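Notes to accompany the following structure.
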Amino acid sequence: QVQLVESGGGLVQPGGSLRLSCEASGFSFSNAAMNWVRQAPGKGLEWVAGITGDGGSVKYADSVRGRFIIYRDNGEKTLYLRMHNLKFEDTAVYYCSKDTARGQRGQGTQVTVSS
């Protein structure tokens, strides 16, 4: 069955960087569009970034464009999110999702931006 396992979150100061990973199994990873979504405390799910199966096309939410980079390694069946210049408002649980923003997700990884 589809399994997605996120990792790489943590506590970081404003302006810092993190790289999130999402290891996938149970489906044809290279044929699936993938997304990163996040949920801040007390807020709804927010789409962050998306990438096509071949990695040839990426899109970003306005709130993260220019600071975050989504990419994938189809050989390793892993999705990544490189986050730079992190802000307080980036604090959230980050999930990778299959196919669409509301597709199947993993358990998430917590990112906390705090001084």
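Residue numbers start at 1 in each chain; chains themselves are named A, B, ... in the order of the structure tokens; ligands are numbered from 1 in the order shown.
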
Residue contacts of A:Gly9 (6 Å, only C-alpha atoms) excluding same-chain residues fewer than 3 positions away, as JSON, numbers by chain: {"A": [109, 110, 111]}

Neighbour list for A:Asn74 as a list in words, cut-off 8 Å, only C-alpha atoms, skip fewer than 4 positions in-chain: Phe29, Ser30, Asp54 and Thr78 of chain A

Could you write out that same residue set with C-alpha atoms as a PDB file, in the first residue's frame?
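Contents of the output file part_20.pdb:
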ATOM      1  CA  PHE A  29       6.726   7.061  -7.616  1.00  0.00           C
ATOM      2  CA  SER A  30       8.030   8.377 -10.923  1.00  0.00           C
ATOM      3  CA  ASP A  54       9.405  13.586 -14.009  1.00  0.00           C
ATOM      4  CA  THR A  78      12.274  10.395  -2.370  1.00  0.00           C
TER       5      THR A  78
END

Residue with smallest distance to A:Ser17 - pool A:Tyr60, A:Phe68, A:Trp36, A:Tyr95, counting only C-alpha atoms: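 Smallest separation from A:Ser17 among the options: A:Phe68.
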
Who sits within 6 Å of stretch 38-41 of chain A, only C-alpha atoms, same chain under 2 positions skipped, as an MDAnalysis selection string: chainID A and resid 43:46 92:95

Long-range neighbours of A:Glu89 as a ChimeraX atom specification, 10 Å cut-off, only C-alpha atoms, 3 positions minimum in chain: /A:14,40,63,86,92,112-114

Neighbour list for stretch 2-5 of chain A as number ranges by chain, cut-off 10 Å, only C-alpha atoms, skip fewer than 6 positions in-chain: A: 21-29, 78-79, 95-98, 104-109

Selected residue of minimal separation from A:His84 among A:Ser7, A:Thr52, A:Thr100, A:Gln13, counting only C-alpha atoms: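 Nearest to A:His84: A:Gln13.
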